[in-house]
>>> print(open('model35.tsv').read())   # TSV, C-alpha atoms
chain	number	residue	atom	x	y	z
A	1	MET	CA	0.00	0.00	0.00
A	2	ILE	CA	1.48	3.34	-1.04
A	3	CYS	CA	0.39	6.22	1.16
A	4	ALA	CA	1.64	9.68	1.99
A	5	LEU	CA	0.61	11.55	5.10
A	6	HIS	CA	1.66	15.17	5.36
A	7	LEU	CA	2.43	16.95	8.62
A	8	SER	CA	2.63	20.73	8.92
A	9	ARG	CA	3.25	23.10	11.80
A	10	SER	CA	3.40	26.34	9.86
A	11	ASP	CA	1.51	29.12	8.15
A	12	LEU	CA	-1.37	29.73	10.52
A	13	SER	CA	-1.56	33.40	11.10
A	14	ILE	CA	-2.97	36.70	11.03
A	15	VAL	CA	-0.59	37.40	8.30
A	16	THR	CA	1.74	35.03	10.12
A	17	GLU	CA	1.65	31.65	11.80
A	18	VAL	CA	0.51	29.94	14.99
A	19	ALA	CA	3.19	28.24	17.06
A	20	ASN	CA	1.56	25.05	18.35
A	21	TYR	CA	0.19	23.43	15.21
A	22	PRO	CA	-0.35	19.66	15.56
A	23	LEU	CA	-1.71	18.71	12.17
A	24	TRP	CA	-1.51	15.67	9.93
A	25	SER	CA	-2.58	16.49	6.39
A	26	CYS	CA	-2.75	13.16	4.60
A	27	SER	CA	-2.50	12.81	0.88
A	28	LYS	CA	-2.43	9.42	-0.78
A	29	ARG	CA	-1.60	9.66	-4.47
A	30	LYS	CA	-2.07	6.00	-5.46
A	31	LEU	CA	-4.98	4.18	-3.92
A	32	GLY	CA	-4.54	0.42	-4.00
A	33	LEU	CA	-7.23	-1.26	-1.95
A	34	PRO	CA	-8.43	-4.69	-3.10
A	35	SER	CA	-11.81	-4.56	-4.77
A	36	PRO	CA	-14.70	-5.81	-2.61
A	37	LEU	CA	-16.25	-7.23	-5.75
A	38	GLN	CA	-13.26	-9.54	-6.06
A	39	GLY	CA	-13.60	-10.74	-2.48
A	40	GLY	CA	-10.45	-8.91	-1.45
A	41	VAL	CA	-9.13	-8.87	2.11
A	42	TRP	CA	-7.20	-6.02	3.67
A	43	PRO	CA	-3.56	-7.21	3.80
A	44	HIS	CA	-2.85	-6.77	7.50
A	45	LYS	CA	-2.71	-9.27	10.31
A	46	ALA	CA	-5.73	-8.91	12.56
A	47	ASP	CA	-7.05	-10.67	15.63
A	48	GLY	CA	-10.58	-9.95	14.40
A	49	LEU	CA	-12.27	-8.63	11.30
A	50	ALA	CA	-15.03	-6.08	10.90
A	51	PRO	CA	-16.67	-6.27	7.46
A	52	PHE	CA	-17.16	-3.14	5.37
A	53	TYR	CA	-18.34	-3.60	1.79
A	54	GLY	CA	-16.92	-7.10	1.99
A	55	VAL	CA	-13.40	-5.93	2.81
A	56	ALA	CA	-11.72	-6.74	6.13
A	57	MET	CA	-10.56	-3.90	8.37
A	58	THR	CA	-7.06	-3.47	9.80
A	59	GLU	CA	-5.85	-4.69	13.18
A	60	PHE	CA	-7.81	-3.98	16.34
A	61	ALA	CA	-8.15	-5.37	19.84
A	62	ARG	CA	-8.84	-9.09	20.18
A	63	ASP	CA	-11.77	-8.67	22.53
A	64	THR	CA	-13.30	-5.52	21.01
A	65	GLU	CA	-16.26	-5.79	18.65
A	66	LEU	CA	-16.07	-2.86	16.23
A	67	THR	CA	-18.26	-2.48	13.18
A	68	VAL	CA	-18.54	0.05	10.38
A	69	ARG	CA	-21.71	1.49	8.89
A	70	THR	CA	-23.00	4.53	7.05
A	71	ALA	CA	-23.66	7.54	9.30
A	72	LEU	CA	-27.33	8.49	9.05
A	73	PRO	CA	-28.80	12.00	9.54
A	74	GLU	CA	-30.26	10.88	12.87
A	75	ASP	CA	-26.68	10.26	14.06
A	76	ASP	CA	-25.69	13.91	13.61
A	77	GLY	CA	-26.36	14.91	17.22
A	78	SER	CA	-24.12	12.10	18.51
A	79	LEU	CA	-21.43	12.95	15.96
A	80	ALA	CA	-21.40	16.59	17.03
A	81	GLU	CA	-21.09	15.60	20.69
A	82	LEU	CA	-18.20	13.24	19.87
A	83	PHE	CA	-16.40	15.90	17.82
A	84	ASN	CA	-16.66	18.45	20.63
A	85	ARG	CA	-15.32	16.03	23.25
A	86	ALA	CA	-12.46	14.99	21.00
A	87	HIS	CA	-11.34	18.51	20.06
A	88	SER	CA	-12.50	20.90	22.79
A	89	HIS	CA	-8.98	21.13	24.26
A	90	LEU	CA	-7.55	22.48	20.99
A	91	ALA	CA	-7.52	26.11	19.91
A	92	GLY	CA	-9.01	27.12	16.58
A	93	VAL	CA	-11.65	24.40	16.66
A	94	ILE	CA	-15.21	25.36	15.71
A	95	ARG	CA	-17.63	23.52	17.98
A	96	ARG	CA	-20.16	21.36	16.19
A	97	SER	CA	-23.92	21.06	16.56
A	98	LYS	CA	-26.37	18.76	14.82
A	99	THR	CA	-27.09	21.56	12.36
A	100	ASP	CA	-23.37	22.14	11.74
A	101	ILE	CA	-22.83	18.49	10.81
A	102	ALA	CA	-25.78	18.67	8.39
A	103	TRP	CA	-24.63	21.74	6.45
A	104	ARG	CA	-20.85	21.70	7.03
A	105	CYS	CA	-20.38	18.03	6.11
A	106	ARG	CA	-23.39	16.43	4.45
A	107	ARG	CA	-24.16	19.33	2.13
A	108	GLN	CA	-20.64	19.92	0.84
A	109	PRO	CA	-20.30	19.68	-2.94
A	110	GLY	CA	-19.03	16.24	-3.92
A	111	MET	CA	-20.28	14.63	-0.70
A	112	SER	CA	-22.39	11.48	-1.11
A	113	ALA	CA	-24.45	9.70	1.53
A	114	GLU	CA	-22.07	6.70	1.44
A	115	GLY	CA	-19.15	8.96	2.38
A	116	ALA	CA	-20.54	9.43	5.90
A	117	ILE	CA	-18.90	6.65	7.92
A	118	VAL	CA	-19.28	5.56	11.54
A	119	VAL	CA	-17.28	3.07	13.61
A	120	GLN	CA	-19.32	1.74	16.48
A	121	GLY	CA	-18.70	-0.60	19.41
A	122	ASP	CA	-20.80	-2.40	21.98
A	123	ASN	CA	-24.38	-1.20	22.45
A	124	ASN	CA	-24.07	0.71	19.15
A	125	ARG	CA	-21.85	3.32	20.80
A	126	VAL	CA	-20.28	5.63	18.21
A	127	LEU	CA	-16.49	5.48	18.60
A	128	ALA	CA	-15.40	7.36	15.48
A	129	TYR	CA	-16.76	8.96	12.36
A	130	ALA	CA	-15.63	10.58	9.15
A	131	PHE	CA	-17.03	12.36	6.13
A	132	VAL	CA	-15.10	11.63	2.94
A	133	LYS	CA	-15.95	13.30	-0.36
A	134	ASP	CA	-15.92	11.41	-3.63
A	135	ASN	CA	-12.64	13.11	-4.60
A	136	GLY	CA	-10.91	11.62	-1.53
A	137	ASP	CA	-10.97	14.68	0.75
A	138	ILE	CA	-11.80	13.54	4.29
A	139	ILE	CA	-13.37	16.75	5.51
A	140	GLU	CA	-14.06	15.51	9.06
A	141	PHE	CA	-12.34	12.76	11.07
A	142	ALA	CA	-13.04	12.34	14.79
A	143	ILE	CA	-12.20	9.64	17.33
A	144	ASP	CA	-13.82	9.17	20.75
A	145	PRO	CA	-11.10	10.12	23.29
A	146	ASP	CA	-12.51	7.61	25.78
A	147	GLY	CA	-12.67	4.66	23.37
A	148	PRO	CA	-10.12	2.35	21.71
A	149	ARG	CA	-8.62	5.17	19.69
A	150	LYS	CA	-5.95	3.36	17.71
A	151	GLN	CA	-8.26	0.53	16.69
A	152	ALA	CA	-11.12	2.85	15.78
A	153	ALA	CA	-8.81	5.18	13.82
A	154	SER	CA	-7.28	2.27	11.90
A	155	ILE	CA	-10.67	0.95	10.88
A	156	LEU	CA	-11.98	4.41	10.03
A	157	ILE	CA	-9.08	5.43	7.78
A	158	THR	CA	-9.38	2.10	5.97
A	159	ALA	CA	-13.11	2.62	5.43
A	160	CYS	CA	-12.46	6.13	4.13
A	161	GLU	CA	-9.92	4.84	1.65
A	162	GLN	CA	-12.31	2.11	0.57
A	163	HIS	CA	-14.99	4.69	-0.19
A	164	ALA	CA	-12.49	6.83	-2.10
A	165	VAL	CA	-11.49	3.84	-4.23
A	166	LEU	CA	-15.10	2.99	-5.05
A	167	ALA	CA	-15.76	6.65	-5.94
A	168	GLY	CA	-12.79	6.72	-8.32
A	169	ALA	CA	-10.56	9.08	-6.31
A	170	GLU	CA	-6.84	9.10	-7.03
A	171	ARG	CA	-5.74	10.29	-3.60
A	172	ILE	CA	-7.03	10.95	-0.09
A	173	ARG	CA	-6.13	13.68	2.37
A	174	VAL	CA	-7.25	14.41	5.92
A	175	ASN	CA	-6.25	16.56	8.90
A	176	VAL	CA	-6.06	14.92	12.32
A	177	PRO	CA	-4.47	16.28	15.52
A	178	THR	CA	-1.12	14.70	16.33
A	179	VAL	CA	-1.64	15.23	20.06
A	180	SER	CA	-3.24	11.76	20.13
A	181	VAL	CA	-0.40	9.23	20.11
A	182	GLU	CA	-2.78	6.36	19.32
A	183	VAL	CA	-4.34	8.06	16.33
A	184	GLU	CA	-0.95	9.14	15.03
A	185	LYS	CA	0.31	5.57	15.27
A	186	SER	CA	-2.70	4.26	13.37
A	187	MET	CA	-1.93	6.75	10.60
A	188	ARG	CA	1.70	5.64	10.45
A	189	ASP	CA	0.65	1.98	10.45
A	190	ALA	CA	-1.53	2.75	7.44
A	191	GLY	CA	1.58	4.02	5.64
A	192	LEU	CA	1.03	7.76	6.01
A	193	ILE	CA	3.99	10.09	6.44
A	194	PRO	CA	4.31	13.78	7.52
A	195	SER	CA	4.42	16.65	5.04
A	196	GLU	CA	3.10	20.14	4.26
A	197	PRO	CA	-0.70	20.53	4.08
A	198	GLU	CA	-2.28	21.44	0.77
A	199	ALA	CA	-4.97	23.54	2.51
A	200	ARG	CA	-3.83	26.40	4.76
A	201	HIS	CA	-5.66	28.15	7.57
A	202	TYR	CA	-5.22	31.89	8.08
A	203	VAL	CA	-6.29	33.57	11.32
A	204	SER	CA	-7.29	37.19	11.73
A	205	SER	CA	-8.45	39.40	14.60
A	206	THR	CA	-10.79	42.29	13.82
A	207	GLN	CA	-10.28	43.81	17.28
A	208	PRO	CA	-6.74	43.03	18.59
A	209	THR	CA	-7.32	44.91	21.86
A	210	ARG	CA	-10.43	42.84	22.66
A	211	PHE	CA	-8.56	39.70	21.63
A	212	VAL	CA	-5.82	40.42	24.17
A	213	ALA	CA	-8.39	41.37	26.83
A	214	SER	CA	-10.19	38.06	26.29
A	215	MET	CA	-6.96	36.10	26.68
A	216	ALA	CA	-6.03	38.10	29.79
A	217	SER	CA	-9.41	37.36	31.39
A	218	GLN	CA	-8.54	33.66	31.33
A	219	ALA	CA	-5.14	34.11	32.96
A	220	VAL	CA	-4.43	34.21	36.69
A	221	ARG	CA	-3.31	37.31	38.59
A	222	ILE	CA	-2.34	39.55	35.68
A	223	PRO	CA	-1.80	43.19	36.71
A	224	THR	CA	-3.93	45.81	34.97
A	225	PHE	CA	-2.23	47.33	31.94
A	226	ASP	CA	-3.01	49.56	28.97
A	227	LEU	CA	-2.67	48.14	25.46
A	228	ARG	CA	-2.14	50.53	22.55
A	229	ILE	CA	-2.24	49.48	18.89
A	230	THR	CA	0.01	51.79	16.87
A	231	ASP	CA	-1.59	51.14	13.45
A	232	PRO	CA	-5.35	50.70	14.01
A	233	TYR	CA	-7.93	50.70	11.26
A	234	PRO	CA	-10.69	53.32	11.62
A	235	TRP	CA	-13.15	50.79	13.06
A	236	GLN	CA	-10.74	49.41	15.67
A	237	HIS	CA	-10.11	50.45	19.25
A	238	GLN	CA	-6.64	51.97	19.40
A	239	GLU	CA	-6.27	51.70	23.14
A	240	MET	CA	-7.89	49.64	25.89
A	241	LYS	CA	-7.34	49.12	29.60
A	242	VAL	CA	-7.01	45.41	30.36
A	243	GLY	CA	-7.78	44.41	33.91
A	244	SER	CA	-10.05	45.47	36.77
A	245	GLU	CA	-7.78	47.80	38.75
A	246	PRO	CA	-8.50	51.55	38.46
A	247	THR	CA	-4.89	52.36	37.59
A	248	ALA	CA	-2.78	50.59	34.97
A	249	LEU	CA	0.66	49.37	36.01
A	250	LEU	CA	2.17	50.01	32.58
A	251	ARG	CA	1.37	50.51	28.90
A	252	ILE	CA	2.22	48.06	26.10
A	253	GLU	CA	2.53	49.37	22.54
A	254	ALA	CA	2.86	47.40	19.30
A	255	ASP	CA	1.43	47.20	15.79
A	256	GLN	CA	-1.31	44.71	14.89
A	257	ARG	CA	1.01	42.18	13.27
A	258	THR	CA	3.28	42.08	16.31
A	259	VAL	CA	0.38	41.77	18.76
A	260	ASN	CA	-1.10	38.89	16.81
A	261	ARG	CA	2.23	37.10	16.45
A	262	LEU	CA	2.86	37.51	20.18
A	263	ILE	CA	-0.56	36.21	21.27
A	264	LEU	CA	-0.51	33.31	18.80
A	265	GLY	CA	2.98	32.29	19.95
A	266	ARG	CA	4.87	33.08	16.75
A	267	GLU	CA	7.00	35.80	18.30
A	268	SER	CA	9.09	35.87	21.46
A	269	PRO	CA	8.12	38.78	23.77
A	270	THR	CA	11.77	39.25	24.71
A	271	ARG	CA	12.90	39.40	21.09
A	272	ALA	CA	10.05	41.75	20.22
A	273	ALA	CA	11.10	44.08	23.05
A	274	LEU	CA	14.78	43.97	22.06
A	275	THR	CA	13.93	44.81	18.43
A	276	ARG	CA	11.54	47.56	19.56
A	277	GLN	CA	8.53	45.90	17.92
A	278	LEU	CA	7.08	45.82	21.45
A	279	ARG	CA	7.44	48.86	23.68
A	280	VAL	CA	6.65	49.08	27.36
A	281	ARG	CA	6.16	52.40	29.09
A	282	PRO	CA	7.66	53.30	31.45
A	283	PHE	CA	10.77	51.59	30.08
A	284	ARG	CA	11.87	50.38	33.52
A	285	LYS	CA	8.81	48.07	33.56
A	286	THR	CA	9.78	46.25	30.35
A	287	ILE	CA	10.46	42.97	32.17
A	288	GLU	CA	7.00	43.08	33.76
A	289	GLY	CA	5.46	43.82	30.34
A	290	ILE	CA	7.20	40.78	28.88
A	291	ARG	CA	5.85	38.61	31.69
A	292	ILE	CA	2.32	39.86	31.03
A	293	ILE	CA	2.56	38.98	27.33
A	294	ARG	CA	3.80	35.50	28.20
A	295	GLN	CA	0.79	34.99	30.46
A	296	VAL	CA	-1.74	35.95	27.77
A	297	GLN	CA	-0.13	33.95	24.96
A	298	LEU	CA	-2.18	31.12	23.47
A	299	GLN	CA	-1.25	27.90	25.26
A	300	SER	CA	-3.47	25.37	23.51
A	301	SER	CA	-2.38	23.69	20.29
A	302	TRP	CA	-4.12	24.86	17.12
A	303	PHE	CA	-6.14	22.54	14.92
A	304	TYR	CA	-8.70	22.69	12.13
A	305	SER	CA	-10.59	20.07	10.15
A	306	LEU	CA	-10.07	20.00	6.42
A	307	GLY	CA	-13.74	20.83	5.92
A	308	ASP	CA	-13.23	24.15	7.71
A	309	VAL	CA	-11.02	25.47	4.92
A	310	LEU	CA	-12.41	23.81	1.79
>>> encode(input="model35.tsv", output="structure tokens")
Amino acid sequence: MICALHLSRSDLSIVTEVANYPLWSCSKRKLGLPSPLQGGVWPHKADGLAPFYGVAMTEFARDTELTVRTALPEDDGSLAELFNRAHSHLAGVIRRSKTDIAWRCRRQPGMSAEGAIVVQGDNNRVLAYAFVKDNGDIIEFAIDPDGPRKQAASILITACEQHAVLAGAERIRVNVPTVSVEVEKSMRDAGLIPSEPEARHYVSSTQPTRFVASMASQAVRIPTFDLRITDPYPWQHQEMKVGSEPTALLRIEADQRTVNRLILGRESPTRAALTRQLRVRPFRKTIEGIRIIRQVQLQSSWFYSLGDVL
């Protein structure tokens, strides 16, 4: 089986990039699954087999009964709940609802009903799901964090490839977070390797001062400070007091690009201060200003599904 999986950690930005970027963007150029019409069997050792269109799935736990079926519209509520549990700890993720699944996934151009795939376990519990378009783009891929992740991911990626083969696709690609060791291993076992993503995600903030204030509100014991944007657009707030104290300890000044790079983790506060991209007034409080910026920087890793950018 020839497969290429592409990993990228770059080019998320406001005009720049996000630092923590755990993303597998998979692209398989030559699909070579055995045809179910020929009675083919997936060429991997397995302690058990779960049938899907007559083709056996890849390895999974000996005592775990996992099956694959088409995801029906009545499953959308459960799929949204699974997606949110699996990705809520990651930044950049757009939470799903039943309605989101319906329009974001099912109604995408090139999406057929057979491309909605569910892996389920005992008591029909949904353990994983994916939506794969007929051209091989897997626009959504989610694994239950409390289930047998490696086994479910292995079966799901195989089912997705099977659908792509039947639809006549010449390659598949999918984004999955690499923070899950089990899911990453299942991708590697399927022959996928890291590389640059074909679809990029660009992040923008319409109100940088409010963005910083929102991040500061989630931090612990940050002193009150003034933030001044040196190059605001007419509709933006140029200056804002961040914090609840009546008097600000200091003032931080920077242009929009620098503020965004700092908050998204693409710029070091110390380097920005040394190069005068970041200015703290009074100057003697520069070290305290740097500490404040470090406290409001984005800590969570950034992730997006392929369907969010296509």
>>> atom_distance(input="model35.tsv", atom1="atom CA of A:Leu79", atom2="atom CA of A:Glu170")
27.5 Å
>>> closest_residue(input="model35.tsv", among="A:Ser268, A:Asn135, A:Ser112, A:Asn124", to="A:Ser78", atoms="all atoms listed in the file")
A:Asn124
>>> residues_around(input="model35.tsv", residues="A:Tyr233", least_positions_apart="5", cutoff="12 Å", atoms="all atoms listed in the file", output="list in words")
Ser205, Thr206, Gln207, Pro208, Gln238, Asp255 and Gln256 of chain A
>>> closest_residue(input="model35.tsv", among="A:Ile143, A:Leu298, A:Val93, A:Ile290", to="A:Val183", atoms="all atoms listed in the file")
A:Ile143
>>> atom_distance(input="model35.tsv", atom1="atom CA of A:Gly136", atom2="atom CA of A:Thr67")
21.7 Å
>>> closest_residue(input="model35.tsv", among="A:Gln297, A:Glu65, A:Thr286, A:Trp103", to="A:Pro148", atoms="only C-alpha atoms")
A:Glu65
>>> atom_distance(input="model35.tsv", atom1="atom CA of A:Leu156", atom2="atom CA of A:Val174")
11.8 Å
>>> residues_around(input="model35.tsv", residues="A:Ala167", least_positions_apart="3", cutoff="8 Å", atoms="only C-alpha atoms", output="count of residues only")
4
>>> closest_residue(input="model35.tsv", among="A:Arg294, A:Lys150, A:Ile155, A:Thr230", to="A:Arg266", atoms="all atoms listed in the file")
A:Arg294
>>> residues_near_point(input="model35.tsv", point="(-2.7, 5.2, 13.2)", cutoff="9 Å", atoms="only C-alpha atoms", output="ChimeraX atom specification")
/A:149-151,153-154,157,181-192
>>> closest_atom_pairs(input="model35.tsv", of="stretch 95-191 of chain A", to="stretch 68-72 of chain A", cutoff="6 Å", atoms="only C-alpha atoms", output="CSV")
residue,atom,partner,partner_atom,distance
A:Ala116,CA,A:Ala71,CA,5.0
A:Ile117,CA,A:Thr70,CA,4.7
A:Val118,CA,A:Ala71,CA,5.3
A:Val119,CA,A:Val68,CA,4.6
>>> closest_residue(input="model35.tsv", among="A:Leu250, A:Ala159, A:Leu127, A:Ala216", to="A:Asp146", atoms="all atoms listed in the file")
A:Leu127
>>> residues_near_point(input="model35.tsv", point="(-23.9, 21.6, 6.9)", cutoff="12 Å", atoms="only C-alpha atoms", output="tab-separated table (two decimals) with C-alpha atoms, in the frame of the given file")
chain	number	residue	atom	x	y	z
A	73	PRO	CA	-28.80	12.00	9.54
A	76	ASP	CA	-25.69	13.91	13.61
A	80	ALA	CA	-21.40	16.59	17.03
A	96	ARG	CA	-20.16	21.36	16.19
A	97	SER	CA	-23.92	21.06	16.56
A	98	LYS	CA	-26.37	18.76	14.82
A	99	THR	CA	-27.09	21.56	12.36
A	100	ASP	CA	-23.37	22.14	11.74
A	101	ILE	CA	-22.83	18.49	10.81
A	102	ALA	CA	-25.78	18.67	8.39
A	103	TRP	CA	-24.63	21.74	6.45
A	104	ARG	CA	-20.85	21.70	7.03
A	105	CYS	CA	-20.38	18.03	6.11
A	106	ARG	CA	-23.39	16.43	4.45
A	107	ARG	CA	-24.16	19.33	2.13
A	108	GLN	CA	-20.64	19.92	0.84
A	109	PRO	CA	-20.30	19.68	-2.94
A	111	MET	CA	-20.28	14.63	-0.70
A	131	PHE	CA	-17.03	12.36	6.13
A	139	ILE	CA	-13.37	16.75	5.51
A	140	GLU	CA	-14.06	15.51	9.06
A	307	GLY	CA	-13.74	20.83	5.92
A	308	ASP	CA	-13.23	24.15	7.71
